[in-house]
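Written below as structure tokens is the structure these notes are about.
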Amino acid sequence: METKTKVQTNGSIPIYGLGLLKSMYVTMRTLLKRSVTVQYPRERLPIPALSRGRLIMKGAIDEAVPDVLVSDVMPPCQVACPANVDARGYIGLVAAGRYDDAFELHLEKNPIPAIIGRVCPHPCEDACRRGEEDEPVTICWIKRFMADNVSAERLNKVYTPPKIRKGKKVAVIGAGPAGMSAAFYLAKCGYDVTVFDRFPKVGGMLTVGIPEYRLPESIVEKEVENLKRLGVKIQLNTPFGPGGLTLDDLKKQDFAAVFLGIGAHEPMELEIEGEHLIGVIPGEVFLARDRLGQDIGMGKKVAIVGGGNTAIDCARVALRMGADKVTILYRRTRKEMPALDAEVEDALEEGVKVEFLVAPVRVLGRDYVKQLELLRMELGPPDESGRRRPVQIKGSEYTIDVDTVIPAISRTPETDWLKEAGLDCNKRDAIVVDPETGRTNRENIFAAGDAVTGPSIAIDAIGTARKAAMGIDRHLNGGQLSEYWSNAFNREDTMKNRYEDLPNREHPEKLDPKERITNFDEVEKTYPRTIAIKQAERCLSCMTQRCIACHICEKNCPTRAITVRDSQNGERMVDVYELDYGRCQFCKICVEMCPTTTLSHTPDFGLGTYTRKGAVYGKNRMLGVDQ
Amino acid sequence: MEEIKHDEQLLQTDTMDLNIGPHHPATHGVLRIVATLDGERIIKAVPYIGYLHRGVEKLCEDLTYMQITPHFDRTDYVSNINNELSYVMAVEKLAEIKVPERAEFLRVIMLELNRILNHLIWVGSFANDVGLFGTAFMYSFRDRDLIQRVMERVTGARVHYHYLTYGGVREEVHDDFEADVKKLADWIPGRVDEYEMLLEDNEVFRARTIGVGVLDKEEAINYGCSGPFLRSTGVPIDLRKLEPYSVYPLFDFDIPVGKNGDAFDRFKVRMNEMRESAKIIKQAIEGLPGGPIRAKVPRKIRLPKGEVYIRTENTKGEFGVYLVSDGGEKPYRLKLRSPSYTNLMYGSRVVEGMVLPDVVAVLASVDIVLGCIDR
């Protein structure tokens, strides 16, 4: 009998059977040979107890509203300020009508608000959080208003010499912003301070580098009077260096420490042919001659090289001194110009011409300047500073007729002889100091201001000078910092609870361009009281953790899930804060946008609706679970 | 023979239009396919899209740059952070923002974790669609959850993370982040082995995938396909290598490619991609530098006038953002380039001549998300 080892092939069923067998074999092999039983991992990664956290409005639910400003976090304006002046604090006080307190708060970091309120290029306003919403708060103009409106009593109180005397003498070289600040803080600490300056007028760069129409001399003199009331002695017309006062002289005169605030007065050269002809006047020299009443030696057709604030100042002074044609030559474009936009606008209004993308090649003339040869430039790729580097266009030379050329490029400190005296200086001739204490490598000598940082803005000099003054105090006081701020006032309410919707900053009154080029009167006026307060109320009180009802969270919610209802009793206060969870997509933009950091969230978001008077709805309540 | 021919002619039937979707689990969302059938053979399959159209592109024209970012989580809702990256990079390029290194590393870690999440959900639903109901799906969702927990601790959300922002990332990671991610990176390749073990030798799986939906290399390129879909044909195109962005050049990883371009190869490519992702994550977490997580950028940014197109390797292919700015605080136009869209167009072409059940298998292997196609 034949055994059938083969499966029958006629018909379709056997083929199907074979396929089934094969597939079963594969499946069984897989299942038996390689076990694929998978276990859950033993450890579970820990996650927060709430699967979703909460959106918290500080002071609304479980936290009491603080009455006193307790915030360690600096607002953006204060961070941006080189001297870390508490702009939020004094603007809050101005909004509350307490100008005197605001002034005193301001003096903690900057002793010359009236001057800075006029000349500062206000980096604080560039950083202002309100600027992201509409326009920045007019911090600088409010500062000026505040400084001009301090009461005489408060000035008397602040500028009384302290009772505790240290009995040590400190010499301050240079009566510029750095010198004045150092003198103020040292005098407040109880030292006997003497200020020396080589110019016949006080103010340093503030006087010889800034024209009268921006900073009237009377303002600087007022500050100096205040310093004198504190007991600071001022010796003018005393040059420092070879042929004048030297470090050894000061040592002989029993000065315990020396503060060098000598600034950066040496103009940099253009390094082109014909630069030493008569009629080429460096910008710093030009402005100094104007302020000190010396003969300027300016012609009628003036060309100014450079794009900084000094160049603009020179141009506007030249106009006022009777020049017919004033042209500023700058090698980049308007966008890259380091000068303040407002200043450039003012200069253009007055009739200054600005030529962009040109660089001087040589000055033509025999003894006197006749012509200036220029070369066209174009912008290349950006350099280290981030600005686009100008590149020469070959063969594009042309000449213009001028009789005065004012290079206003940059300036350096005059430290040649200080090097000989053994002080460390860097490549740019600036004195090397310890950034925290202003200490130089020589015993008892401290330095700050432009002499350390290179040419910079006044508030920068004030910041470094304050640190150096603290450094001197610590050094002379045996490592201890004196309590120089003995008459600290009550600081409640430096944080305001008001907010102004007004989207625009208001410009203070200005003189008419036609009128103002004929004289040296101050161009900008101080704010009147009503406008100043209104502008101060535009401040968002950043980082105070107290809601000011600004509605920024509501405006920025992509899904319009937030409803904020203001208090009905006239105060700028939030009464109801509602979050619609039907719309909320948990993007956290409200938290990120909140300027006061009142809103915050737990790592995950919350489900609930809160009102100011306590939590009203939770998630379950909304869903109808625990009604 | 002649008789038979005659018979076939007699048997010829009319074609029939069959509606698949829009509400059908196998269409992965609300996609409607009208398949013209001759018997069980497909003559033509036309996808009809637009059932999930929200008008995101138009919506973005009325939102500030910050408000737009969360919408990108919701285009392709399983590769959220990858979408955010394209948009964020477009803004950064126009505004010339430099991102801190730590932020770039954190971005890469989150991007790759997100890629694994996407491939996990894909493998689950793919196995589901080709007939292995349940098992792979349950396993993949279990694994997804472990990754999601880590991501939730960082971003605060399980799905719509909203983690990237122009200038960096939004939040600092928690203290255990490095340990958590290291654990994940060590653990993922083993899990991938498991999926392969589960599916690769499975008769049903093999029958439904091998030789199904074979792509033509050149035609796929002509259609503009990208991602694992294209790479399954053996074309090694990956924007992470081709046009390196972020800090990808720092890492050592390969681009897995397939051979035949069928559904099975697409499965293999995605499995290997998960292994490569784990490799990248491991390198990134070991080299994670310190420093800030966000560049100093204003919250309400104003972009300069101009236009920019940024493309990045999404989990599904090339995800592009074309951004036109007129200098305001809102974009003038925002156009998205969705990989799902182009891949679907070729995918629906490939099924011609196949039998009806293969449509589901091919569609599943393309990996589409309707939220991204319709926007």
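Order determines the names: the first chain of the structure tokens is A, the second B, and so forth; residues in each chain are numbered 1 upward, and ligands are numbered 1 upward as they are shown.
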Under the rule of at most 9 Å, produce a per-residue listing of chain B near chain A: chain, number, name, the closest pair of atoms, and the distance in Å, as CSV, using only C-alpha atoms.
```
residue,atom,partner,partner_atom,distance
B:Leu63,CA,A:Pro558,CA,7.0
B:Thr64,CA,A:Asn556,CA,8.3
B:Met66,CA,A:Ile589,CA,7.7
B:Gln67,CA,A:Pro558,CA,5.3
B:Ile68,CA,A:Pro558,CA,7.7
B:Thr69,CA,A:Cys587,CA,8.8
B:Pro70,CA,A:Cys587,CA,6.3
B:Tyr139,CA,A:Val38,CA,8.2
B:Arg142,CA,A:Tyr40,CA,8.2
B:Leu146,CA,A:Leu45,CA,7.4
B:Arg149,CA,A:Ile47,CA,6.9
B:Val150,CA,A:Leu45,CA,7.7
B:Glu152,CA,A:Asp604,CA,7.9
B:Arg153,CA,A:Ile47,CA,6.7
B:Val154,CA,A:Pro603,CA,7.7
B:Thr155,CA,A:Pro603,CA,7.3
B:Gly156,CA,A:Asp604,CA,4.1
B:Ala157,CA,A:Asp604,CA,6.5
B:His160,CA,A:Gln585,CA,8.3
B:Tyr161,CA,A:Cys587,CA,8.0
B:His162,CA,A:Cys587,CA,6.1
B:Tyr163,CA,A:Cys587,CA,8.8
B:Asp180,CA,A:Leu45,CA,7.7
B:Glu194,CA,A:Val36,CA,6.8
B:Tyr195,CA,A:Val36,CA,8.9
B:Met197,CA,A:Val36,CA,7.2
B:Leu198,CA,A:Val36,CA,6.6
B:Asp201,CA,A:Thr30,CA,7.0
B:Asn202,CA,A:Thr27,CA,6.2
B:Glu203,CA,A:Ser23,CA,5.7
B:Val204,CA,A:Ser23,CA,8.0
B:Pro298,CA,A:Glu132,CA,6.8
B:Arg299,CA,A:Glu132,CA,7.1
B:Lys300,CA,A:Glu132,CA,5.6
B:Ile301,CA,A:Glu132,CA,7.7
```
Export of the given selection (N, CA and C atoms) as a short mmCIF file (atom, residue, chain, number, x, y, z; two decimals), in the first residue's frame:
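Output contents, as saved in result-v6.cif:
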```cif
data_model
loop_
_atom_site.label_atom_id
_atom_site.label_comp_id
_atom_site.auth_asym_id
_atom_site.auth_seq_id
_atom_site.Cartn_x
_atom_site.Cartn_y
_atom_site.Cartn_z
N LEU B 63 -2.07 87.64 14.43
CA LEU B 63 -1.50 87.38 15.75
C LEU B 63 -0.08 87.92 15.81
N THR B 64 0.36 88.29 17.00
CA THR B 64 1.74 88.73 17.13
C THR B 64 2.65 87.50 17.06
N MET B 66 4.70 86.26 19.05
CA MET B 66 4.69 85.37 20.21
C MET B 66 3.43 84.53 20.24
N GLN B 67 2.32 85.11 19.84
CA GLN B 67 1.05 84.37 19.92
C GLN B 67 0.95 83.26 18.89
N ILE B 68 1.79 83.32 17.87
CA ILE B 68 1.68 82.33 16.80
C ILE B 68 2.20 80.97 17.25
N THR B 69 3.26 80.99 18.06
CA THR B 69 3.95 79.72 18.38
C THR B 69 3.00 78.60 18.82
N PRO B 70 2.05 78.84 19.74
CA PRO B 70 1.21 77.70 20.14
C PRO B 70 0.42 77.10 18.99
N TYR B 139 1.38 48.59 23.66
CA TYR B 139 2.79 48.71 24.04
C TYR B 139 3.31 50.10 23.72
N ARG B 142 2.09 52.71 26.06
CA ARG B 142 2.73 52.61 27.37
C ARG B 142 4.10 53.29 27.33
N LEU B 146 5.87 57.15 29.19
CA LEU B 146 7.08 57.38 29.98
C LEU B 146 7.85 58.58 29.44
N ARG B 149 5.97 61.81 30.27
CA ARG B 149 6.10 62.28 31.66
C ARG B 149 7.31 63.19 31.81
N VAL B 150 8.41 62.78 31.19
CA VAL B 150 9.62 63.62 31.25
C VAL B 150 9.35 64.96 30.57
N GLU B 152 6.53 66.36 30.15
CA GLU B 152 5.56 67.14 30.91
C GLU B 152 6.23 67.88 32.06
N ARG B 153 7.21 67.21 32.65
CA ARG B 153 7.90 67.88 33.76
C ARG B 153 8.65 69.09 33.27
N VAL B 154 9.12 69.05 32.04
CA VAL B 154 9.87 70.19 31.51
C VAL B 154 8.93 71.29 31.03
N THR B 155 7.92 70.89 30.23
CA THR B 155 7.13 71.91 29.55
C THR B 155 5.81 72.19 30.22
N GLY B 156 5.34 71.27 31.04
CA GLY B 156 4.07 71.49 31.70
C GLY B 156 2.89 70.93 30.93
N ALA B 157 3.15 70.33 29.78
CA ALA B 157 2.03 69.80 29.01
C ALA B 157 2.40 68.44 28.46
N HIS B 160 0.55 69.45 23.80
CA HIS B 160 0.85 70.74 23.17
C HIS B 160 1.86 71.49 24.02
N TYR B 161 3.12 71.23 23.72
CA TYR B 161 4.17 71.63 24.65
C TYR B 161 4.39 73.14 24.70
N HIS B 162 4.43 73.79 23.55
CA HIS B 162 4.74 75.22 23.49
C HIS B 162 6.03 75.51 24.26
N TYR B 163 7.07 74.84 23.84
CA TYR B 163 8.32 74.90 24.60
C TYR B 163 9.34 75.83 23.96
N ASP B 180 16.83 61.53 34.08
CA ASP B 180 15.62 61.01 33.43
C ASP B 180 15.86 60.72 31.96
N GLU B 194 12.11 45.23 20.76
CA GLU B 194 10.90 44.52 21.11
C GLU B 194 9.83 44.67 20.04
N TYR B 195 9.69 45.88 19.55
CA TYR B 195 8.69 46.08 18.49
C TYR B 195 9.05 45.28 17.26
N MET B 197 10.79 42.55 17.18
CA MET B 197 10.54 41.15 17.51
C MET B 197 9.06 40.83 17.36
N LEU B 198 8.25 41.75 17.79
CA LEU B 198 6.81 41.54 17.80
C LEU B 198 6.25 41.49 16.39
N ASP B 201 8.65 39.25 12.25
CA ASP B 201 8.49 37.87 11.81
C ASP B 201 7.04 37.43 11.79
N ASN B 202 6.18 38.33 12.10
CA ASN B 202 4.77 37.97 12.15
C ASN B 202 4.24 37.77 10.74
N GLU B 203 3.62 36.61 10.51
CA GLU B 203 3.19 36.25 9.17
C GLU B 203 2.20 37.28 8.61
N VAL B 204 1.24 37.62 9.41
CA VAL B 204 0.22 38.56 8.94
C VAL B 204 0.85 39.89 8.59
N PRO B 298 13.17 91.02 22.97
CA PRO B 298 11.93 91.59 23.50
C PRO B 298 10.77 90.62 23.29
N ARG B 299 9.82 90.68 24.24
CA ARG B 299 8.70 89.75 24.14
C ARG B 299 7.88 90.05 22.89
N LYS B 300 7.66 91.33 22.68
CA LYS B 300 6.89 91.71 21.48
C LYS B 300 7.90 92.11 20.43
N ILE B 301 8.17 91.21 19.54
CA ILE B 301 9.25 91.44 18.59
C ILE B 301 8.68 92.06 17.32
#
```
Q: Find the residues around A:Phe446 up to 10 Å (only C-alpha atoms counted), leave out those fewer than 4 positions away in its own chain, and share them as number ranges by chain.
A: A: 172, 257-261, 431-434, 437-442, 465, 468-469, 471-472
Export C-alpha atoms of the chosen residues as a PDB file, in the first residue's frame?
```pdb
ATOM      1  CA  VAL A 172      39.489 114.001  43.977  1.00  0.00           C
ATOM      2  CA  ALA A 257      43.563 108.477  49.265  1.00  0.00           C
ATOM      3  CA  VAL A 258      43.421 109.861  45.751  1.00  0.00           C
ATOM      4  CA  PHE A 259      40.523 109.455  43.360  1.00  0.00           C
ATOM      5  CA  LEU A 260      41.421 109.901  39.688  1.00  0.00           C
ATOM      6  CA  GLY A 261      38.523 111.076  37.585  1.00  0.00           C
ATOM      7  CA  ILE A 431      43.741 102.964  33.667  1.00  0.00           C
ATOM      8  CA  VAL A 432      43.345  99.340  34.759  1.00  0.00           C
ATOM      9  CA  VAL A 433      41.311  99.007  37.963  1.00  0.00           C
ATOM     10  CA  ASP A 434      39.460  96.399  39.941  1.00  0.00           C
ATOM     11  CA  THR A 437      36.349  98.777  44.057  1.00  0.00           C
ATOM     12  CA  GLY A 438      38.044 101.028  41.492  1.00  0.00           C
ATOM     13  CA  ARG A 439      41.416 100.202  42.992  1.00  0.00           C
ATOM     14  CA  THR A 440      44.536 100.717  40.852  1.00  0.00           C
ATOM     15  CA  ASN A 441      47.786  98.847  41.263  1.00  0.00           C
ATOM     16  CA  ARG A 442      49.237 101.681  43.372  1.00  0.00           C
ATOM     17  CA  ALA A 465      32.742 106.550  40.536  1.00  0.00           C
ATOM     18  CA  ALA A 468      35.281 103.617  43.600  1.00  0.00           C
ATOM     19  CA  ALA A 469      34.017 105.901  46.398  1.00  0.00           C
ATOM     20  CA  GLY A 471      36.056 101.192  47.564  1.00  0.00           C
ATOM     21  CA  ILE A 472      37.911 104.135  49.113  1.00  0.00           C
TER      22      ILE A 472
END
```
(Q) Can you pull out every residue from stretch 159-353 of chain B that DSSP, working from the backbone, puts in strand (DSSP E or B), and format the result as a ChimeraX atom specification? (A) /B:164-165,168-169,294,306-313,318-325,333-337
Can you write just those residues out, N, CA and C atoms, as an mmCIF file, in the first residue's frame?
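Output (selection_29.cif):
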```cif
data_model
loop_
_atom_site.group_PDB
_atom_site.id
_atom_site.type_symbol
_atom_site.label_atom_id
_atom_site.label_comp_id
_atom_site.auth_asym_id
_atom_site.auth_seq_id
_atom_site.Cartn_x
_atom_site.Cartn_y
_atom_site.Cartn_z
ATOM 1 N N LEU B 164 9.372 75.897 22.639
ATOM 2 C CA LEU B 164 10.378 76.745 21.989
ATOM 3 C C LEU B 164 9.849 78.166 21.855
ATOM 4 N N THR B 165 10.783 79.081 21.829
ATOM 5 C CA THR B 165 10.426 80.468 21.581
ATOM 6 C C THR B 165 11.595 81.088 20.865
ATOM 7 N N GLY B 168 15.439 80.910 22.092
ATOM 8 C CA GLY B 168 15.804 79.800 22.964
ATOM 9 C C GLY B 168 14.612 78.942 23.311
ATOM 10 N N VAL B 169 14.590 78.492 24.562
ATOM 11 C CA VAL B 169 13.462 77.697 25.031
ATOM 12 C C VAL B 169 12.818 78.440 26.188
ATOM 13 N N ARG B 294 17.933 81.363 27.067
ATOM 14 C CA ARG B 294 17.163 82.249 26.200
ATOM 15 C C ARG B 294 17.987 83.491 25.918
ATOM 16 N N GLY B 306 11.042 91.824 5.120
ATOM 17 C CA GLY B 306 11.771 90.778 4.416
ATOM 18 C C GLY B 306 11.002 89.477 4.411
ATOM 19 N N GLU B 307 11.569 88.486 3.753
ATOM 20 C CA GLU B 307 10.926 87.191 3.696
ATOM 21 C C GLU B 307 11.970 86.111 3.950
ATOM 22 N N VAL B 308 11.513 84.971 4.424
ATOM 23 C CA VAL B 308 12.452 83.908 4.743
ATOM 24 C C VAL B 308 11.738 82.568 4.596
ATOM 25 N N TYR B 309 12.464 81.573 4.108
ATOM 26 C CA TYR B 309 11.918 80.209 4.090
ATOM 27 C C TYR B 309 12.863 79.317 4.885
ATOM 28 N N ILE B 310 12.334 78.681 5.882
ATOM 29 C CA ILE B 310 13.139 77.791 6.719
ATOM 30 C C ILE B 310 12.547 76.404 6.629
ATOM 31 N N ARG B 311 13.382 75.413 6.373
ATOM 32 C CA ARG B 311 12.869 74.047 6.373
ATOM 33 C C ARG B 311 13.685 73.206 7.346
ATOM 34 N N THR B 312 12.997 72.372 8.054
ATOM 35 C CA THR B 312 13.673 71.478 8.987
ATOM 36 C C THR B 312 13.128 70.075 8.794
ATOM 37 N N GLU B 313 13.858 69.102 9.305
ATOM 38 C CA GLU B 313 13.423 67.712 9.189
ATOM 39 C C GLU B 313 12.425 67.431 10.294
ATOM 40 N N GLU B 318 10.075 67.134 5.293
ATOM 41 C CA GLU B 318 10.477 68.535 5.294
ATOM 42 C C GLU B 318 9.305 69.407 5.695
ATOM 43 N N PHE B 319 9.423 70.038 6.859
ATOM 44 C CA PHE B 319 8.395 70.974 7.308
ATOM 45 C C PHE B 319 8.953 72.370 7.119
ATOM 46 N N GLY B 320 8.307 73.154 6.274
ATOM 47 C CA GLY B 320 8.849 74.470 5.940
ATOM 48 C C GLY B 320 7.935 75.584 6.383
ATOM 49 N N VAL B 321 8.541 76.717 6.690
ATOM 50 C CA VAL B 321 7.779 77.916 7.032
ATOM 51 C C VAL B 321 8.261 79.039 6.142
ATOM 52 N N TYR B 322 7.341 79.618 5.421
ATOM 53 C CA TYR B 322 7.665 80.775 4.591
ATOM 54 C C TYR B 322 7.037 81.982 5.262
ATOM 55 N N LEU B 323 7.874 82.905 5.689
ATOM 56 C CA LEU B 323 7.403 84.019 6.503
ATOM 57 C C LEU B 323 7.709 85.321 5.790
ATOM 58 N N VAL B 324 6.689 86.138 5.604
ATOM 59 C CA VAL B 324 6.892 87.461 5.013
ATOM 60 C C VAL B 324 6.557 88.497 6.067
ATOM 61 N N SER B 325 7.483 89.417 6.282
ATOM 62 C CA SER B 325 7.250 90.466 7.270
ATOM 63 C C SER B 325 7.207 91.810 6.563
ATOM 64 N N ARG B 333 2.435 87.457 5.880
ATOM 65 C CA ARG B 333 1.967 86.184 5.334
ATOM 66 C C ARG B 333 2.790 85.065 5.958
ATOM 67 N N LEU B 334 2.123 83.989 6.232
ATOM 68 C CA LEU B 334 2.803 82.831 6.788
ATOM 69 C C LEU B 334 2.302 81.611 6.037
ATOM 70 N N LYS B 335 3.224 80.910 5.376
ATOM 71 C CA LYS B 335 2.815 79.737 4.600
ATOM 72 C C LYS B 335 3.546 78.529 5.145
ATOM 73 N N LEU B 336 2.806 77.448 5.334
ATOM 74 C CA LEU B 336 3.430 76.236 5.846
ATOM 75 C C LEU B 336 3.581 75.227 4.712
ATOM 76 N N ARG B 337 4.670 74.497 4.755
ATOM 77 C CA ARG B 337 4.870 73.419 3.807
ATOM 78 C C ARG B 337 4.794 72.131 4.594
#
```
Taking 4 positions as the minimum chain separation for residues in the same chain, which residues sit within 9 Å of stretch 244-251 of chain B when counting only C-alpha atoms? Answer as an mmCIF file with C-alpha atoms, in the first residue's frame.
```cif
data_model
loop_
_atom_site.group_PDB
_atom_site.id
_atom_site.type_symbol
_atom_site.label_atom_id
_atom_site.label_comp_id
_atom_site.auth_asym_id
_atom_site.auth_seq_id
_atom_site.Cartn_x
_atom_site.Cartn_y
_atom_site.Cartn_z
ATOM 1 C CA MET B 89 14.048 79.535 13.321
ATOM 2 C CA VAL B 99 20.431 81.269 20.307
ATOM 3 C CA GLU B 101 24.166 76.911 23.180
ATOM 4 C CA GLU B 104 20.128 74.584 21.256
ATOM 5 C CA PHE B 105 21.056 71.394 23.112
ATOM 6 C CA ARG B 107 15.983 71.899 21.761
ATOM 7 C CA VAL B 108 17.693 68.915 20.151
ATOM 8 C CA LEU B 239 17.799 67.845 6.270
ATOM 9 C CA ARG B 240 19.601 67.287 9.542
ATOM 10 C CA LYS B 279 21.912 58.019 20.015
ATOM 11 C CA ILE B 280 21.556 61.761 19.464
ATOM 12 C CA GLN B 283 25.235 62.526 23.042
ATOM 13 C CA ALA B 284 23.273 65.716 23.666
ATOM 14 C CA THR B 312 13.673 71.478 8.987
#
```
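Closest approach to B:Ala35 from the set B:Val212, B:Val88, B:His23, B:Gly353 is made by B:Gly353, with distances taken over only C-alpha atoms.
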Q: List every residue of stretch 113-330 of chain B that DSSP, applied to the backbone, labels as helix (DSSP H, G or I), and write the result as a ChimeraX atom specification.
A: /B:113-129,135-155,177-199,203-209,217-223,228-231,239-242,248-250,263-286
Q) Could you work out how far atom CA of A:Arg316 lies from atom CA of A:Leu364, giving the answer in Å with one decimal? A)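 These two atoms are separated by 24.6 Å.
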If you count only C-alpha atoms, which residues fall within 9 Å of stretch 409-411 of chain A, apart from same-chain ones fewer than 3 positions away, as an mmCIF file with N, CA and C atoms, in the first residue's frame?
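And here's around36.cif as it stands now:
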```
data_model
loop_
_atom_site.group_PDB
_atom_site.id
_atom_site.type_symbol
_atom_site.label_atom_id
_atom_site.label_comp_id
_atom_site.auth_asym_id
_atom_site.auth_seq_id
_atom_site.Cartn_x
_atom_site.Cartn_y
_atom_site.Cartn_z
ATOM 1 N N ALA A 264 38.643 111.520 29.660
ATOM 2 C CA ALA A 264 39.350 111.244 28.403
ATOM 3 C C ALA A 264 39.207 112.487 27.531
ATOM 4 N N HIS A 265 40.242 113.300 27.543
ATOM 5 C CA HIS A 265 40.134 114.598 26.865
ATOM 6 C C HIS A 265 40.974 114.709 25.611
ATOM 7 N N GLU A 266 41.815 113.707 25.336
ATOM 8 C CA GLU A 266 42.717 113.845 24.198
ATOM 9 C C GLU A 266 42.017 113.380 22.921
ATOM 10 N N PRO A 267 41.773 114.275 21.963
ATOM 11 C CA PRO A 267 41.055 113.864 20.763
ATOM 12 C C PRO A 267 41.882 112.899 19.921
ATOM 13 N N MET A 268 41.222 111.943 19.323
ATOM 14 C CA MET A 268 41.910 111.021 18.415
ATOM 15 C C MET A 268 42.073 111.696 17.069
ATOM 16 N N GLU A 269 43.133 111.294 16.364
ATOM 17 C CA GLU A 269 43.405 111.932 15.081
ATOM 18 C C GLU A 269 42.806 111.136 13.937
ATOM 19 N N LEU A 270 42.532 111.874 12.838
ATOM 20 C CA LEU A 270 41.973 111.217 11.657
ATOM 21 C C LEU A 270 43.017 110.356 10.960
ATOM 22 N N PRO A 282 39.883 119.762 16.336
ATOM 23 C CA PRO A 282 39.222 118.583 16.901
ATOM 24 C C PRO A 282 37.944 118.975 17.635
ATOM 25 N N GLY A 283 36.945 118.098 17.571
ATOM 26 C CA GLY A 283 35.635 118.407 18.126
ATOM 27 C C GLY A 283 35.664 118.815 19.585
ATOM 28 N N GLU A 284 36.447 118.091 20.403
ATOM 29 C CA GLU A 284 36.500 118.393 21.836
ATOM 30 C C GLU A 284 37.072 119.784 22.072
ATOM 31 N N VAL A 305 33.435 115.566 10.851
ATOM 32 C CA VAL A 305 33.632 114.144 10.544
ATOM 33 C C VAL A 305 33.241 113.324 11.761
ATOM 34 N N GLY A 306 32.331 112.387 11.576
ATOM 35 C CA GLY A 306 31.915 111.520 12.680
ATOM 36 C C GLY A 306 30.406 111.448 12.774
ATOM 37 N N GLY A 307 29.921 110.486 13.545
ATOM 38 C CA GLY A 307 28.471 110.303 13.639
ATOM 39 C C GLY A 307 27.968 110.183 15.052
ATOM 40 N N GLY A 308 28.782 110.574 16.021
ATOM 41 C CA GLY A 308 28.368 110.463 17.414
ATOM 42 C C GLY A 308 27.701 111.733 17.903
ATOM 43 N N THR A 310 28.954 113.946 19.840
ATOM 44 C CA THR A 310 29.869 115.080 19.769
ATOM 45 C C THR A 310 29.785 115.744 18.400
ATOM 46 N N ALA A 311 29.713 114.954 17.349
ATOM 47 C CA ALA A 311 29.613 115.504 16.003
ATOM 48 C C ALA A 311 28.359 116.352 15.861
ATOM 49 N N GLY A 454 37.234 104.405 29.078
ATOM 50 C CA GLY A 454 37.339 104.997 27.743
ATOM 51 C C GLY A 454 36.151 105.910 27.540
ATOM 52 N N PRO A 455 36.095 106.646 26.425
ATOM 53 C CA PRO A 455 34.992 107.601 26.270
ATOM 54 C C PRO A 455 33.639 106.921 26.377
#
```
Q.
Just the number, please: distance in Å from atom CA of A:Asp367 to atom CA of A:Asp324, one decimal.
A. 22.0 Å
Q: Quick one: pull the distance between atom CA of A:Glu506 and atom CA of A:Arg529, Å, one decimal.
A: 12.7 Å
Q. Do you know which residues are at most 7 Å from B:Ile97 counting only C-alpha atoms, after dropping those on the same chain fewer than 4 positions away, and could you put them as a list in words?
A. Glu92, Lys93 and Gly167 of chain B
Selected residues, C-alpha atoms, written as a compact mmCIF listing (two decimals), in the first residue's frame, please.
```
# COMPACT_ATOMS: atom_id res chain seq x y z
CA GLU B 92 15.31 84.11 14.46
CA LYS B 93 16.73 84.35 10.97
CA GLY B 167 15.82 83.15 21.21
```
